[in-house]
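Asks: For reference, this is coords.txt, and it has compact mmCIF, C-alpha atoms.
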# COMPACT_ATOMS: atom_id res chain seq x y z
CA MET B 1 109.14 100.68 69.94
CA LYS B 2 106.06 102.68 69.23
CA LYS B 3 105.81 105.93 71.15
CA ASN B 4 102.32 105.32 72.45
CA VAL B 5 103.30 101.86 73.73
CA MET B 6 106.28 103.22 75.65
CA PHE B 7 104.28 106.13 77.04
CA ALA B 8 101.46 103.87 78.23
CA SER B 9 103.90 101.36 79.70
CA LEU B 10 105.78 104.01 81.64
CA LEU B 11 102.60 105.73 82.77
CA MET B 12 101.34 102.45 84.19
CA ALA B 13 104.70 101.72 85.78
CA GLY B 14 104.77 105.10 87.47
CA VAL B 15 101.29 104.69 88.91
CA LEU B 16 101.83 101.11 90.04
CA LEU B 17 105.24 101.63 91.61
CA ALA B 18 103.88 104.62 93.50
CA SER B 19 101.44 102.23 95.19
CA CYS B 20 104.16 99.80 96.29
CA GLY B 21 104.89 101.73 99.48
CA LYS B 22 101.41 101.14 100.90
CA ALA B 23 101.22 98.94 103.97
CA ASP B 24 98.43 96.35 103.82
CA PRO B 25 98.08 93.17 105.92
CA GLY B 26 101.20 93.95 107.92
CA PRO B 27 103.35 97.01 108.47
CA GLY B 28 105.98 97.55 105.83
CA THR B 29 104.53 94.88 103.53
CA ASP B 30 104.23 96.30 100.02
CA MET B 31 101.42 94.91 97.94
CA VAL B 32 102.40 93.79 94.45
CA PRO B 33 100.11 95.60 92.03
CA GLY B 34 98.39 93.84 89.15
CA THR B 35 100.22 91.26 87.08
CA VAL B 36 103.71 91.08 85.63
CA GLU B 37 104.97 93.47 82.98
CA GLY B 38 102.40 96.25 82.92
CA SER B 39 102.99 96.29 79.15
CA VAL B 40 100.27 97.54 76.86
CA SER B 41 100.04 96.22 73.34
CA GLN B 42 97.47 98.80 72.25
CA GLY B 43 97.68 102.58 72.32
CA VAL B 44 95.86 104.68 74.88
CA GLU B 45 92.79 106.32 73.46
CA PRO B 46 92.28 109.96 74.49
CA GLY B 47 90.42 109.98 77.78
CA ALA B 48 90.56 106.21 78.23
CA GLY B 49 92.05 105.46 81.63
CA GLY B 50 92.97 109.10 82.16
CA SER B 51 95.89 110.90 80.55
CA GLN B 52 98.85 112.40 82.33
CA GLU B 53 97.73 115.87 81.32
CA GLU B 54 94.26 115.27 82.73
CA GLY B 55 95.70 114.03 86.01
CA GLY B 56 94.02 110.63 85.69
CA GLU B 57 95.56 107.32 86.68
CA VAL B 58 95.77 104.13 84.69
CA PRO B 59 94.46 101.28 86.85
CA ALA B 60 96.38 98.05 87.18
CA GLU B 61 94.60 94.80 86.61
CA GLY B 62 92.74 93.85 89.75
CA GLN B 63 92.74 97.41 91.19
CA THR B 64 89.60 99.46 91.59
CA GLY B 65 88.84 102.82 93.07
CA GLY B 66 87.31 101.19 96.13
CA ASN B 67 90.38 99.33 97.32
CA PRO B 68 91.64 100.35 100.75
CA GLY B 69 94.74 102.48 100.50
CA GLN B 70 94.18 103.34 96.85
CA GLY B 71 93.01 106.71 95.52
CA SER B 72 89.64 106.68 93.80
CA LEU B 73 89.74 106.60 90.01
CA ASP B 74 88.34 109.40 87.89
CA PRO B 75 85.19 108.66 85.83
CA GLU B 76 87.10 107.97 82.61
CA ALA B 77 89.41 105.53 84.38
CA GLU B 78 86.37 103.79 85.86
CA LYS B 79 84.97 103.39 82.34
CA SER B 80 88.29 102.01 81.10
CA LEU B 81 88.46 99.46 83.89
CA ALA B 82 84.84 98.45 83.37
CA ALA B 83 85.49 97.97 79.67
CA GLN B 84 88.52 95.83 80.40
CA GLU B 85 86.58 93.62 82.79
CA ALA B 86 83.81 93.32 80.19
CA GLY B 87 86.35 92.05 77.67
CA GLU B 88 86.03 95.01 75.32
CA GLY B 89 89.80 95.06 74.67
CA VAL B 90 90.64 98.57 75.86
CA TRP B 91 93.71 97.15 77.58
CA GLU B 92 95.50 94.05 76.35
CA GLU B 93 98.31 92.59 78.43
CA GLU B 94 101.38 91.59 76.46
CA GLU B 95 102.52 87.99 76.91
CA ILE B 96 106.24 88.00 77.63
CA ARG B 97 108.66 85.29 76.51
CA LEU B 98 112.16 84.75 77.84
CA SER B 99 114.75 86.40 75.59
CA ASP B 100 118.22 85.09 74.81
CA LYS B 101 119.76 87.96 76.83
CA ILE B 102 120.64 85.72 79.78
CA LEU B 103 123.13 87.24 82.20
CA GLU B 104 125.32 85.62 84.82
CA LYS B 105 127.26 86.64 87.91
CA GLY B 106 129.45 89.64 87.16
CA ASP B 107 127.36 90.87 84.23
CA ILE B 108 125.53 94.21 84.23
CA MET B 109 121.78 94.55 83.70
CA GLN B 110 120.47 97.95 82.65
CA VAL B 111 117.21 99.49 83.84
CA MET B 112 116.08 101.72 80.98
CA HIS B 113 114.01 104.91 81.26
CA ILE B 114 112.54 107.03 78.49
CA SER B 115 113.43 110.66 77.80
CA ASN B 116 111.10 113.49 76.87
CA GLU B 117 112.17 112.82 73.29
CA ASN B 118 110.89 109.23 73.61
CA GLU B 119 114.40 107.79 73.57
CA LEU B 120 115.55 105.01 75.88
CA TYR B 121 118.53 105.60 78.14
CA PRO B 122 120.09 103.60 81.03
CA ALA B 123 118.96 104.93 84.42
CA LEU B 124 120.33 102.14 86.63
CA GLU B 125 122.98 99.48 86.35
CA VAL B 126 122.56 96.29 88.37
CA THR B 127 125.40 93.80 88.78
CA LEU B 128 124.73 90.37 90.25
CA LYS B 129 127.60 89.31 92.49
CA GLY B 130 126.02 86.07 93.66
CA ALA B 131 122.71 84.29 94.27
CA LYS B 132 121.72 81.32 96.41
CA MET B 133 118.53 79.70 97.68
CA PHE B 134 118.22 78.73 101.36
CA ASP B 135 115.64 76.66 103.20
CA SER B 136 115.49 79.09 106.13
CA PRO B 137 116.91 82.39 107.39
CA GLU B 138 119.12 80.44 109.79
CA ALA B 139 120.66 78.51 106.87
CA ALA B 140 121.50 81.90 105.33
CA SER B 141 122.93 83.14 108.67
CA LEU B 142 120.18 85.76 108.94
CA ASP B 143 118.16 86.86 111.94
CA ARG B 144 114.39 86.44 111.44
CA ALA B 145 113.84 89.56 113.50
CA GLN B 146 115.41 91.54 110.65
CA MET B 147 112.93 90.22 108.09
CA LEU B 148 109.29 90.71 107.18
CA GLU B 149 107.29 87.67 108.21
CA ASN B 150 105.11 87.61 105.09
CA THR B 151 105.45 88.95 101.56
CA GLU B 152 103.22 88.74 98.54
CA ASN B 153 104.03 86.16 95.87
CA TYR B 154 102.30 84.89 92.76
CA ASP B 155 101.77 81.17 92.24
CA GLU B 156 102.28 79.40 88.91
CA ALA B 157 98.66 80.13 88.01
CA GLY B 158 99.32 83.86 88.42
CA GLU B 159 97.23 84.19 91.58
CA PRO B 160 98.50 86.41 94.43
CA VAL B 161 99.29 84.55 97.62
CA TRP B 162 101.05 85.38 100.86
CA CYS B 163 104.34 83.58 101.48
CA SER B 164 105.63 83.34 105.03
CA ILE B 165 109.09 82.66 106.40
CA GLU B 166 107.84 79.27 107.61
CA GLU B 167 106.42 78.28 104.22
CA GLY B 168 108.87 79.69 101.70
CA LYS B 169 112.46 79.35 100.69
CA LEU B 170 114.76 82.35 100.90
CA LEU B 171 116.49 83.60 97.76
CA ILE B 172 119.47 85.81 98.60
CA CYS B 173 121.03 87.99 95.88
CA ASP B 174 124.12 90.12 96.37
CA LEU B 175 123.86 93.14 94.09
CA THR B 176 125.70 96.29 93.15
CA VAL B 177 123.36 99.06 92.01
CA LYS B 178 124.56 102.23 90.30
CA ASN B 179 122.33 105.27 89.73
CA LEU B 180 122.87 106.81 86.28
CA GLU B 181 119.80 109.04 86.32
CA GLU B 182 121.06 112.63 86.07
CA GLU B 183 117.80 114.17 87.26
CA SER B 184 117.27 111.65 90.06
CA ASP B 185 116.50 112.95 93.54
CA GLY B 186 118.23 109.85 94.89
CA ASP B 187 115.04 108.20 96.15
CA LEU B 188 114.82 104.74 94.55
CA HIS B 189 112.58 101.69 95.04
CA ILE B 190 113.83 98.11 95.09
CA GLY B 191 110.44 97.04 93.66
CA SER B 192 111.68 98.05 90.21
CA LEU B 193 113.37 94.63 90.23
CA MET B 194 111.55 91.34 90.46
CA ILE B 195 112.05 87.61 90.66
CA ALA B 196 110.39 85.99 87.65
CA TYR B 197 109.50 82.46 86.62
CA ALA B 198 110.07 81.26 83.06
CA ASP B 199 108.04 78.22 82.04
CA PRO B 200 110.60 75.62 80.92
CA ASP B 201 108.31 74.41 78.12
CA THR B 202 106.97 77.68 76.68
CA GLY B 203 109.44 80.30 77.93
CA LYS B 204 106.54 82.42 79.16
CA VAL B 205 107.68 84.84 81.88
CA SER B 206 105.52 85.60 84.90
CA ILE B 207 106.08 87.36 88.20
CA VAL B 208 106.97 85.50 91.38
CA THR B 209 107.59 88.50 93.65
CA CYS B 210 108.97 92.03 93.69
CA ALA B 211 108.62 92.42 97.47
CA PRO B 212 111.77 91.43 99.41
CA ALA B 213 111.48 90.09 102.93
CA TYR B 214 115.05 91.16 103.70
CA PHE B 215 116.32 94.57 102.62
CA PRO B 216 118.91 96.12 104.96
CA ALA B 217 119.78 98.78 102.36
CA THR B 218 116.48 100.52 103.11
CA SER B 219 116.52 104.24 103.80
CA SER B 220 113.75 103.59 106.32
CA VAL B 221 113.21 100.88 108.94
CA LEU B 222 111.73 97.40 109.03
CA GLY B 223 107.96 97.60 109.36
CA ALA B 224 107.61 101.08 107.86
CA SER B 225 105.41 101.70 104.82
CA ASP B 226 108.45 103.03 102.90
CA TYR B 227 110.63 100.04 103.77
CA TYR B 228 111.45 99.29 100.11
CA HIS B 229 112.86 102.75 99.41
CA TYR B 230 116.60 103.37 99.35
CA ARG B 231 118.77 106.38 98.58
CA LEU B 232 121.46 106.53 95.95
CA ALA B 233 122.73 109.78 94.44
CA ASN B 234 123.44 110.17 90.75
CA GLY B 235 126.71 108.50 89.78
CA GLU B 236 126.99 106.56 93.04
CA SER B 237 127.04 102.79 93.51
CA LYS B 238 125.88 100.72 96.45
CA ASP B 239 126.42 97.07 97.39
CA MET B 240 123.31 95.47 98.84
CA THR B 241 122.01 92.08 99.87
CA VAL B 242 118.36 91.45 99.03
CA GLY B 243 116.30 88.45 100.15
CA TRP B 244 113.01 87.32 98.59
CA LEU B 245 110.70 84.64 100.01
CA ILE B 246 109.89 82.11 97.27
CA GLN B 247 107.18 79.47 97.32
CA GLY B 248 108.35 75.88 97.42
CA GLU B 249 106.63 75.02 94.11
CA TYR B 250 109.27 76.98 92.17
CA GLU B 251 112.51 75.33 91.08
CA ILE B 252 115.58 77.55 91.15
CA GLU B 253 116.46 76.50 87.58
CA ASN B 254 113.42 78.41 86.32
CA LEU B 255 113.90 81.61 88.33
CA TYR B 256 115.37 84.88 87.03
CA LEU B 257 116.13 88.35 88.37
CA CYS B 258 114.93 91.03 85.97
CA VAL B 259 113.32 94.45 85.56
CA LYS B 260 109.69 94.60 86.60
CA TYR B 261 108.49 97.21 84.10
CA ASP B 262 110.82 96.86 81.14
CA THR B 263 110.45 99.44 78.37
CA ARG B 264 112.51 97.50 75.85
CA GLU B 265 111.18 95.14 73.21
CA GLN B 266 110.88 91.74 74.82
CA GLU B 267 113.62 90.18 72.69
CA GLU B 268 116.01 92.81 74.12
CA ARG B 269 115.10 92.34 77.77
CA GLN B 270 117.78 91.06 80.13
CA TYR B 271 117.49 88.30 82.72
CA PHE B 272 119.92 87.22 85.39
CA GLN B 273 119.90 83.46 85.71
CA ILE B 274 119.63 82.50 89.39
CA ALA B 275 120.75 78.86 89.26
CA GLY B 276 124.50 78.33 89.40
CA GLN B 277 125.36 81.89 90.46
CA GLU B 278 126.73 81.17 93.93
Starting from the coordinates I provided, produce the structure as structure tokens.
Replies:
Amino acid sequence: MKKNVMFASLLMAGVLLASCGKADPGPGTDMVPGTVEGSVSQGVEPGAGGSQEEGGEVPAEGQTGGNPGQGSLDPEAEKSLAAQEAGEGVWEEEEIRLSDKILEKGDIMQVMHISNENELYPALEVTLKGAKMFDSPEAASLDRAQMLENTENYDEAGEPVWCSIEEGKLLICDLTVKNLEEESDGDLHIGSLMIAYADPDTGKVSIVTCAPAYFPATSSVLGASDYYHYRLANGESKDMTVGWLIQGEYEIENLYLCVKYDTREQEERQYFQIAGQE
């Protein structure tokens, strides 16, 4: 992978994931930033969108400096965003296709980070122990009072929508997560994982949600702005049950658990199949 692609991808991921802890329409409800796979297929021009050294931020698609809860962008980032909206091609989103790296229950999915030497290394290991879709929290033997009432989803057209407990189905995944990051401070974010939809005809991958409605492994409390954070020291593993609200238009056969911002080439990216993993 080209160095500038990986750097830009990780820079965007860092900025976007940092915004996930913001509360918006309801307490503890993390907004999903931009669109799936903040991958950049072109290099970052000096000064365009702000460099890490300059302290600038790379804006996600659909984010502007005037959004409530978001820091204002520097002048160069404003220019970059304006150019993108004008179709000048400063940023070009990569279209992701489903790879043949399909994992099942008991397999291990790696979350890769990039070193200072621009080399990929595994920072997390995620094992799927089981997955099942339910029509309601009660069918999953869960108490609604322990869940967020609404979370942000994306429909099949890629538009952000709010999905409520009353409207959506509940996808429950039992996971084991292991922290391999030697320099980690132990503060992790469940939003690094997402539920994705793969078009059965084209294989195109798009985001459904990265915002769980049920996350008892939180290091905080339900309703807090840092609800999606959890703590896991280097070398430690944790079993956790995570529940995502899913719109009724999605069939379980086309849903996958994967890494939200994946630094690998798309043919190397891993996907847990959801269907048949009970």
Asks: What are the closest atom pairs, with distances in Å to one decimal, for each residue of range 168-277 of chain B lying within 10 Å of range 129-149 of chain B, using all atoms listed in the file, rows by chain and rising residue number, as a Markdown table?
Replies:
| residue | atom | partner | partner_atom | distance |
| --- | --- | --- | --- | --- |
| B:Gly168 | CA | B:Asp135 | CA | 7.6 |
| B:Lys169 | CA | B:Asp135 | CA | 4.9 |
| B:Leu170 | CA | B:Phe134 | CA | 5.0 |
| B:Leu171 | CA | B:Met133 | CA | 4.4 |
| B:Ile172 | CA | B:Lys132 | CA | 5.5 |
| B:Cys173 | CA | B:Ala131 | CA | 4.4 |
| B:Asp174 | CA | B:Gly130 | CA | 5.2 |
| B:Leu175 | CA | B:Lys129 | CA | 5.6 |
| B:Thr176 | CA | B:Lys129 | CA | 7.3 |
| B:Ala211 | CA | B:Leu148 | CA | 9.9 |
| B:Pro212 | CA | B:Leu148 | CA | 8.2 |
| B:Ala213 | CA | B:Leu148 | CA | 4.8 |
| B:Tyr214 | CA | B:Met147 | CA | 5.0 |
| B:Phe215 | CA | B:Met147 | CA | 7.8 |
| B:Pro216 | CA | B:Gln146 | CA | 8.1 |
| B:Val221 | CA | B:Gln146 | CA | 9.7 |
| B:Leu222 | CA | B:Gln146 | CA | 7.1 |
| B:Gly223 | CA | B:Leu148 | CA | 7.3 |
| B:Asp239 | CA | B:Lys129 | CA | 9.3 |
| B:Met240 | CA | B:Lys129 | CA | 9.8 |
| B:Thr241 | CA | B:Gly130 | CA | 9.5 |
| B:Val242 | CA | B:Ala131 | CA | 9.6 |
| B:Gly243 | CA | B:Met147 | CA | 8.8 |
| B:Trp244 | CA | B:Met133 | CA | 9.5 |
| B:Leu245 | CA | B:Glu149 | CA | 9.4 |
| B:Ile246 | CA | B:Met133 | CA | 9.0 |
| B:Gly248 | CA | B:Asp135 | CA | 9.3 |
| B:Glu251 | CA | B:Met133 | CA | 9.9 |
| B:Ile252 | CA | B:Met133 | CA | 7.5 |
| B:Leu257 | CA | B:Ala131 | CA | 9.7 |
| B:Phe272 | CA | B:Ala131 | CA | 9.8 |
| B:Gln273 | CA | B:Ala131 | CA | 9.0 |
| B:Ile274 | CA | B:Ala131 | CA | 6.0 |
| B:Ala275 | CA | B:Lys132 | CA | 7.6 |
| B:Gly276 | CA | B:Ala131 | CA | 7.9 |
| B:Gln277 | CA | B:Ala131 | CA | 5.2 |
Asks: As an exercise, work out the distance from CA of Leu98 in chain B to CA of Gln266 in chain B in Å and give it to one decimal place.
Replies: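 Atom-to-atom, CA of Leu98 in chain B and CA of Gln266 in chain B are spaced 7.7 Å apart.
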Asks: For range 109-118 of chain B, list every protein, DNA or RNA residue within 7 Å, evaluated using all atoms listed in the file, and leave out those in the same chain fewer than 4 positions away; present the list as a list in words.
Replies: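 My reading of the contact set: Lys3, Pro122, Ala123, Leu124, Glu125, Val126, Thr127, Val259, Thr263 and Gln270 of chain B.
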Asks: At a cut-off of 6 Å, using all atoms listed in the file, what residues contact range 229-233 of chain B? Leave out same-chain residues fewer than 2 positions from it and give the result as a list in words.
Replies: Gly186, Asp187, Leu188, His189, Thr218, Ser219, Asp226, Tyr227 and Glu236 of chain B
Asks: Write the residues of the preceding selection, restricted to C-alpha atoms, as a compact mmCIF listing (two decimals), in the coordinates of the input.
Replies:
# COMPACT_ATOMS: atom_id res chain seq x y z
CA GLY B 186 118.23 109.85 94.89
CA ASP B 187 115.04 108.20 96.15
CA LEU B 188 114.82 104.74 94.55
CA HIS B 189 112.58 101.69 95.04
CA THR B 218 116.48 100.52 103.11
CA SER B 219 116.52 104.24 103.80
CA ASP B 226 108.45 103.03 102.90
CA TYR B 227 110.63 100.04 103.77
CA GLU B 236 126.99 106.56 93.04
Asks: Find the residues around range 198-208 of chain B up to 7 Å (only C-alpha atoms counted), leave out those fewer than 5 positions away in its own chain, and share them as a count of residues only.
Replies: 9
Asks: Record the distance separating CA of Ala224 in chain B and CA of Ser164 in chain B, expressed in Å with one decimal.
Replies: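 CA of Ser164 in chain B lies 18.1 Å from CA of Ala224 in chain B.
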Asks: Could you tell me how far CA of Glu267 in chain B sits from CA of Tyr250 in chain B, in Å to one decimal place?
Replies: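 Going from CA of Tyr250 in chain B over to CA of Glu267 in chain B covers 23.9 Å.
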Asks: Could you pull range 164-177 of chain B out of the structure just shown and give all heavy atoms as a PDB file, in the first residue's frame?
Replies:
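Generated file (decode-v8.pdb):
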ATOM      1  N   SER B 164     -34.792   3.229  15.753  1.00  0.00           N
ATOM      2  CA  SER B 164     -35.237   3.094  17.134  1.00  0.00           C
ATOM      3  C   SER B 164     -35.442   1.626  17.495  1.00  0.00           C
ATOM      4  O   SER B 164     -35.503   0.747  16.631  1.00  0.00           O
ATOM      5  CB  SER B 164     -36.545   3.856  17.349  1.00  0.00           C
ATOM      6  OG  SER B 164     -37.616   3.196  16.693  1.00  0.00           O
ATOM      7  N   ILE B 165     -35.568   1.376  18.787  1.00  0.00           N
ATOM      8  CA  ILE B 165     -35.828   0.019  19.252  1.00  0.00           C
ATOM      9  C   ILE B 165     -37.136  -0.488  18.664  1.00  0.00           C
ATOM     10  O   ILE B 165     -37.252  -1.664  18.293  1.00  0.00           O
ATOM     11  CB  ILE B 165     -35.883  -0.018  20.794  1.00  0.00           C
ATOM     12  CG1 ILE B 165     -34.518   0.295  21.395  1.00  0.00           C
ATOM     13  CG2 ILE B 165     -36.355  -1.384  21.282  1.00  0.00           C
ATOM     14  CD1 ILE B 165     -34.494   0.309  22.907  1.00  0.00           C
ATOM     15  N   GLU B 166     -38.123   0.375  18.540  1.00  0.00           N
ATOM     16  CA  GLU B 166     -39.430  -0.024  18.023  1.00  0.00           C
ATOM     17  C   GLU B 166     -39.364  -0.370  16.546  1.00  0.00           C
ATOM     18  O   GLU B 166     -40.086  -1.257  16.070  1.00  0.00           O
ATOM     19  CB  GLU B 166     -40.461   1.097  18.250  1.00  0.00           C
ATOM     20  CG  GLU B 166     -40.705   1.440  19.709  1.00  0.00           C
ATOM     21  CD  GLU B 166     -41.330   0.288  20.474  1.00  0.00           C
ATOM     22  OE1 GLU B 166     -41.967  -0.589  19.835  1.00  0.00           O
ATOM     23  OE2 GLU B 166     -41.172   0.244  21.707  1.00  0.00           O
ATOM     24  N   GLU B 167     -38.499   0.310  15.792  1.00  0.00           N
ATOM     25  CA  GLU B 167     -38.455   0.137  14.341  1.00  0.00           C
ATOM     26  C   GLU B 167     -37.496  -0.956  13.887  1.00  0.00           C
ATOM     27  O   GLU B 167     -37.751  -1.638  12.893  1.00  0.00           O
ATOM     28  CB  GLU B 167     -38.040   1.456  13.672  1.00  0.00           C
ATOM     29  CG  GLU B 167     -38.983   2.604  13.929  1.00  0.00           C
ATOM     30  CD  GLU B 167     -38.381   3.924  13.486  1.00  0.00           C
ATOM     31  OE1 GLU B 167     -37.132   4.017  13.412  1.00  0.00           O
ATOM     32  OE2 GLU B 167     -39.163   4.850  13.225  1.00  0.00           O
ATOM     33  N   GLY B 168     -36.379  -1.103  14.594  1.00  0.00           N
ATOM     34  CA  GLY B 168     -35.318  -1.961  14.086  1.00  0.00           C
ATOM     35  C   GLY B 168     -35.301  -3.349  14.692  1.00  0.00           C
ATOM     36  O   GLY B 168     -35.952  -3.647  15.690  1.00  0.00           O
ATOM     37  N   LYS B 169     -34.524  -4.198  14.029  1.00  0.00           N
ATOM     38  CA  LYS B 169     -34.189  -5.503  14.594  1.00  0.00           C
ATOM     39  C   LYS B 169     -32.937  -5.341  15.446  1.00  0.00           C
ATOM     40  O   LYS B 169     -32.231  -4.345  15.359  1.00  0.00           O
ATOM     41  CB  LYS B 169     -33.947  -6.511  13.476  1.00  0.00           C
ATOM     42  CG  LYS B 169     -35.153  -6.732  12.562  1.00  0.00           C
ATOM     43  CD  LYS B 169     -34.802  -7.695  11.438  1.00  0.00           C
ATOM     44  CE  LYS B 169     -35.969  -7.875  10.483  1.00  0.00           C
ATOM     45  NZ  LYS B 169     -35.615  -8.792   9.353  1.00  0.00           N
ATOM     46  N   LEU B 170     -32.657  -6.336  16.260  1.00  0.00           N
ATOM     47  CA  LEU B 170     -31.510  -6.262  17.160  1.00  0.00           C
ATOM     48  C   LEU B 170     -30.521  -7.378  16.813  1.00  0.00           C
ATOM     49  O   LEU B 170     -30.837  -8.562  16.937  1.00  0.00           O
ATOM     50  CB  LEU B 170     -31.965  -6.389  18.612  1.00  0.00           C
ATOM     51  CG  LEU B 170     -30.888  -6.260  19.685  1.00  0.00           C
ATOM     52  CD1 LEU B 170     -30.209  -4.897  19.617  1.00  0.00           C
ATOM     53  CD2 LEU B 170     -31.475  -6.497  21.072  1.00  0.00           C
ATOM     54  N   LEU B 171     -29.333  -6.970  16.365  1.00  0.00           N
ATOM     55  CA  LEU B 171     -28.278  -7.927  16.044  1.00  0.00           C
ATOM     56  C   LEU B 171     -27.348  -8.047  17.246  1.00  0.00           C
ATOM     57  O   LEU B 171     -26.712  -7.075  17.645  1.00  0.00           O
ATOM     58  CB  LEU B 171     -27.495  -7.469  14.813  1.00  0.00           C
ATOM     59  CG  LEU B 171     -26.254  -8.295  14.451  1.00  0.00           C
ATOM     60  CD1 LEU B 171     -26.631  -9.743  14.165  1.00  0.00           C
ATOM     61  CD2 LEU B 171     -25.514  -7.684  13.269  1.00  0.00           C
ATOM     62  N   ILE B 172     -27.277  -9.236  17.813  1.00  0.00           N
ATOM     63  CA  ILE B 172     -26.436  -9.489  18.987  1.00  0.00           C
ATOM     64  C   ILE B 172     -25.220 -10.303  18.555  1.00  0.00           C
ATOM     65  O   ILE B 172     -25.358 -11.370  17.945  1.00  0.00           O
ATOM     66  CB  ILE B 172     -27.204 -10.249  20.076  1.00  0.00           C
ATOM     67  CG1 ILE B 172     -28.381  -9.408  20.592  1.00  0.00           C
ATOM     68  CG2 ILE B 172     -26.279 -10.619  21.226  1.00  0.00           C
ATOM     69  CD1 ILE B 172     -27.968  -8.157  21.320  1.00  0.00           C
ATOM     70  N   CYS B 173     -24.032  -9.801  18.865  1.00  0.00           N
ATOM     71  CA  CYS B 173     -22.788 -10.523  18.591  1.00  0.00           C
ATOM     72  C   CYS B 173     -22.032 -10.741  19.898  1.00  0.00           C
ATOM     73  O   CYS B 173     -21.828  -9.796  20.663  1.00  0.00           O
ATOM     74  CB  CYS B 173     -21.900  -9.728  17.623  1.00  0.00           C
ATOM     75  SG  CYS B 173     -22.542  -9.609  15.937  1.00  0.00           S
ATOM     76  N   ASP B 174     -21.632 -11.961  20.129  1.00  0.00           N
ATOM     77  CA  ASP B 174     -20.775 -12.291  21.269  1.00  0.00           C
ATOM     78  C   ASP B 174     -19.339 -12.323  20.772  1.00  0.00           C
ATOM     79  O   ASP B 174     -18.995 -13.101  19.872  1.00  0.00           O
ATOM     80  CB  ASP B 174     -21.166 -13.638  21.868  1.00  0.00           C
ATOM     81  CG  ASP B 174     -22.526 -13.599  22.531  1.00  0.00           C
ATOM     82  OD1 ASP B 174     -22.828 -12.593  23.205  1.00  0.00           O
ATOM     83  OD2 ASP B 174     -23.303 -14.562  22.368  1.00  0.00           O
ATOM     84  N   LEU B 175     -18.495 -11.472  21.363  1.00  0.00           N
ATOM     85  CA  LEU B 175     -17.134 -11.280  20.886  1.00  0.00           C
ATOM     86  C   LEU B 175     -16.120 -11.533  21.996  1.00  0.00           C
ATOM     87  O   LEU B 175     -16.436 -11.395  23.175  1.00  0.00           O
ATOM     88  CB  LEU B 175     -16.938  -9.847  20.377  1.00  0.00           C
ATOM     89  CG  LEU B 175     -17.935  -9.294  19.363  1.00  0.00           C
ATOM     90  CD1 LEU B 175     -17.643  -7.817  19.099  1.00  0.00           C
ATOM     91  CD2 LEU B 175     -17.882 -10.091  18.076  1.00  0.00           C
ATOM     92  N   THR B 176     -14.916 -11.868  21.586  1.00  0.00           N
ATOM     93  CA  THR B 176     -13.751 -11.802  22.457  1.00  0.00           C
ATOM     94  C   THR B 176     -12.766 -10.847  21.793  1.00  0.00           C
ATOM     95  O   THR B 176     -12.393 -11.039  20.633  1.00  0.00           O
ATOM     96  CB  THR B 176     -13.087 -13.173  22.650  1.00  0.00           C
ATOM     97  OG1 THR B 176     -14.008 -14.066  23.279  1.00  0.00           O
ATOM     98  CG2 THR B 176     -11.854 -13.047  23.534  1.00  0.00           C
ATOM     99  N   VAL B 177     -12.365  -9.818  22.520  1.00  0.00           N
ATOM    100  CA  VAL B 177     -11.452  -8.809  21.991  1.00  0.00           C
ATOM    101  C   VAL B 177     -10.155  -8.862  22.779  1.00  0.00           C
ATOM    102  O   VAL B 177     -10.172  -8.870  24.013  1.00  0.00           O
ATOM    103  CB  VAL B 177     -12.064  -7.397  22.077  1.00  0.00           C
ATOM    104  CG1 VAL B 177     -11.092  -6.352  21.530  1.00  0.00           C
ATOM    105  CG2 VAL B 177     -13.389  -7.348  21.315  1.00  0.00           C
TER     106      VAL B 177
END
